[in-house]
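Chemist: Quick one: this structure, given as structure tokens, is what I'll be asking you about.
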Amino acid sequence: MKDYASYEKALRPQDITRLFVERSNAGDAAGVAALYEEDAVMAYPPGEFTVGREAIRALWEQVLSHRPRFQPEEPLPTLASDGIALTSTPPGDGAGARAQVVRRQPDGSWLRLLDQPEFVSTQTATG
């Protein structure tokens with residue numbers, strides 16, 4: 001198993017988006033997975049859930065094998081209260097929106113707990 005602790009930490013909730021883009025574009029699935037809590041839930045692929053950091057790493061290994069390029073997206077204002085924050089970006093790829101719930105860790109860094117990378121109706125995709 002990868003040593004996720006060796007990666008740069010997100011010191012602010014909105015840092016996670018920047019780190020995601022950097023690591024994805026480098027093809028580093030383990031680096032992307034390091035941005036998630038151990039039991040995080042990701043609503044991807046569309047209509048499904050990927051649960052747990054290791055499953056998220058495996059998913060990103062598959063996705064990143066196709067060498068997609070991600071562009072930085074300007075974050076919307078972060079909503080935060082008592083160690084929990086909602087981050088979001090308006091994507092340029094027609095995905096509707098992106099939103100994540102992140103949680104402050106004991107060391108003060110932030111990790112994703114819930115990740116909704118796109119809000120697109122699965123009926124549109126299959127219908």
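Residues in the structure tokens are named by chain (A, B, ... in the order shown) and by number from 1 within that chain; ligands are numbered from 1 in the order shown.
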Could you give me, as a PyMOL selection string, the residues within 10 Å of range 6-13 of chain A, counting only C-alpha atoms and dropping anything in the same chain fewer than 4 positions from it?

Modeler: chain A and resi 2+17-19+30-32+34-35+78-80+83-87+100-105+107-112

Chemist: Tell me, as a ChimeraX atom specification, which residues lie within 12 Å of Val63 in chain A, counting only C-alpha atoms; anything in the same chain fewer than 4 positions away does not count.

Modeler: /A:24-25,27-29,32,44-45,56-59,67-70

Chemist: Env of Phe49 in chain A: 12 Å cut, atoms = only C-alpha atoms, seq-sep filter 6 positions within chain, self excluded. Answer as a ChimeraX atom specification.

Modeler: /A:40-43,55-56,59,114-117

Chemist: Can you work out the spacing between CA of Tyr36 in chain A and CA of Gly92 in chain A in Å, to one decimal?

Modeler: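 Separation of CA of Tyr36 in chain A and CA of Gly92 in chain A: 23.2 Å.
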
Chemist: Identify all residues of chain A in helix (DSSP H, G or I) (DSSP on the backbone) and supply them as a PyMOL selection string.

Modeler: chain A and resi 4-6+15-25+29-33+53-64+122-126

Chemist: Identify all residues of range 9-87 of chain A in strand (DSSP E or B) (DSSP on the backbone) and supply them as an MDAnalysis selection string.

Modeler: chainID A and resid 10 36:42 50:51 79:81 84:87

Chemist: Residues of the last selection are to be written out with N, CA and C atoms, as a PDB file, in the first residue's frame.

Modeler:
```
ATOM      1  N   ALA A  10      -3.028  19.422   1.885  1.00  0.00           N
ATOM      2  CA  ALA A  10      -3.867  20.590   1.620  1.00  0.00           C
ATOM      3  C   ALA A  10      -4.015  21.350   2.932  1.00  0.00           C
ATOM      4  N   TYR A  36      -7.952  11.992  -0.249  1.00  0.00           N
ATOM      5  CA  TYR A  36      -9.210  11.456   0.280  1.00  0.00           C
ATOM      6  C   TYR A  36      -8.992  10.803   1.642  1.00  0.00           C
ATOM      7  N   GLU A  37     -10.012  10.895   2.495  1.00  0.00           N
ATOM      8  CA  GLU A  37      -9.997  10.147   3.746  1.00  0.00           C
ATOM      9  C   GLU A  37     -10.071   8.656   3.438  1.00  0.00           C
ATOM     10  N   GLU A  38      -9.682   7.850   4.412  1.00  0.00           N
ATOM     11  CA  GLU A  38      -9.643   6.392   4.256  1.00  0.00           C
ATOM     12  C   GLU A  38     -10.983   5.820   3.787  1.00  0.00           C
ATOM     13  N   ASP A  39     -12.093   6.337   4.316  1.00  0.00           N
ATOM     14  CA  ASP A  39     -13.422   5.813   3.989  1.00  0.00           C
ATOM     15  C   ASP A  39     -14.238   6.781   3.131  1.00  0.00           C
ATOM     16  N   ALA A  40     -13.571   7.604   2.353  1.00  0.00           N
ATOM     17  CA  ALA A  40     -14.255   8.593   1.516  1.00  0.00           C
ATOM     18  C   ALA A  40     -15.182   7.919   0.508  1.00  0.00           C
ATOM     19  N   VAL A  41     -16.160   8.690   0.046  1.00  0.00           N
ATOM     20  CA  VAL A  41     -17.103   8.221  -0.966  1.00  0.00           C
ATOM     21  C   VAL A  41     -17.060   9.188  -2.146  1.00  0.00           C
ATOM     22  N   MET A  42     -16.896   8.630  -3.325  1.00  0.00           N
ATOM     23  CA  MET A  42     -16.857   9.409  -4.561  1.00  0.00           C
ATOM     24  C   MET A  42     -18.013   8.962  -5.451  1.00  0.00           C
ATOM     25  N   THR A  50     -17.865   5.023  -5.584  1.00  0.00           N
ATOM     26  CA  THR A  50     -16.594   4.369  -5.300  1.00  0.00           C
ATOM     27  C   THR A  50     -16.287   4.691  -3.845  1.00  0.00           C
ATOM     28  N   VAL A  51     -16.117   3.654  -3.026  1.00  0.00           N
ATOM     29  CA  VAL A  51     -15.995   3.826  -1.584  1.00  0.00           C
ATOM     30  C   VAL A  51     -14.620   3.371  -1.107  1.00  0.00           C
ATOM     31  N   LEU A  79     -17.523  27.136   1.837  1.00  0.00           N
ATOM     32  CA  LEU A  79     -18.376  27.236   3.026  1.00  0.00           C
ATOM     33  C   LEU A  79     -17.765  26.332   4.087  1.00  0.00           C
ATOM     34  N   ALA A  80     -17.492  26.869   5.270  1.00  0.00           N
ATOM     35  CA  ALA A  80     -16.851  26.069   6.306  1.00  0.00           C
ATOM     36  C   ALA A  80     -17.487  26.315   7.663  1.00  0.00           C
ATOM     37  N   SER A  81     -17.537  25.243   8.462  1.00  0.00           N
ATOM     38  CA  SER A  81     -18.047  25.332   9.823  1.00  0.00           C
ATOM     39  C   SER A  81     -17.513  24.156  10.623  1.00  0.00           C
ATOM     40  N   ILE A  84     -15.519  21.210   8.978  1.00  0.00           N
ATOM     41  CA  ILE A  84     -16.106  20.633   7.764  1.00  0.00           C
ATOM     42  C   ILE A  84     -16.252  21.774   6.761  1.00  0.00           C
ATOM     43  N   ALA A  85     -15.966  21.503   5.492  1.00  0.00           N
ATOM     44  CA  ALA A  85     -16.099  22.543   4.476  1.00  0.00           C
ATOM     45  C   ALA A  85     -16.687  21.960   3.200  1.00  0.00           C
ATOM     46  N   LEU A  86     -17.397  22.808   2.480  1.00  0.00           N
ATOM     47  CA  LEU A  86     -17.938  22.474   1.166  1.00  0.00           C
ATOM     48  C   LEU A  86     -17.168  23.294   0.148  1.00  0.00           C
ATOM     49  N   THR A  87     -16.504  22.602  -0.772  1.00  0.00           N
ATOM     50  CA  THR A  87     -15.798  23.281  -1.848  1.00  0.00           C
ATOM     51  C   THR A  87     -16.495  22.947  -3.152  1.00  0.00           C
TER      52      THR A  87
END
```
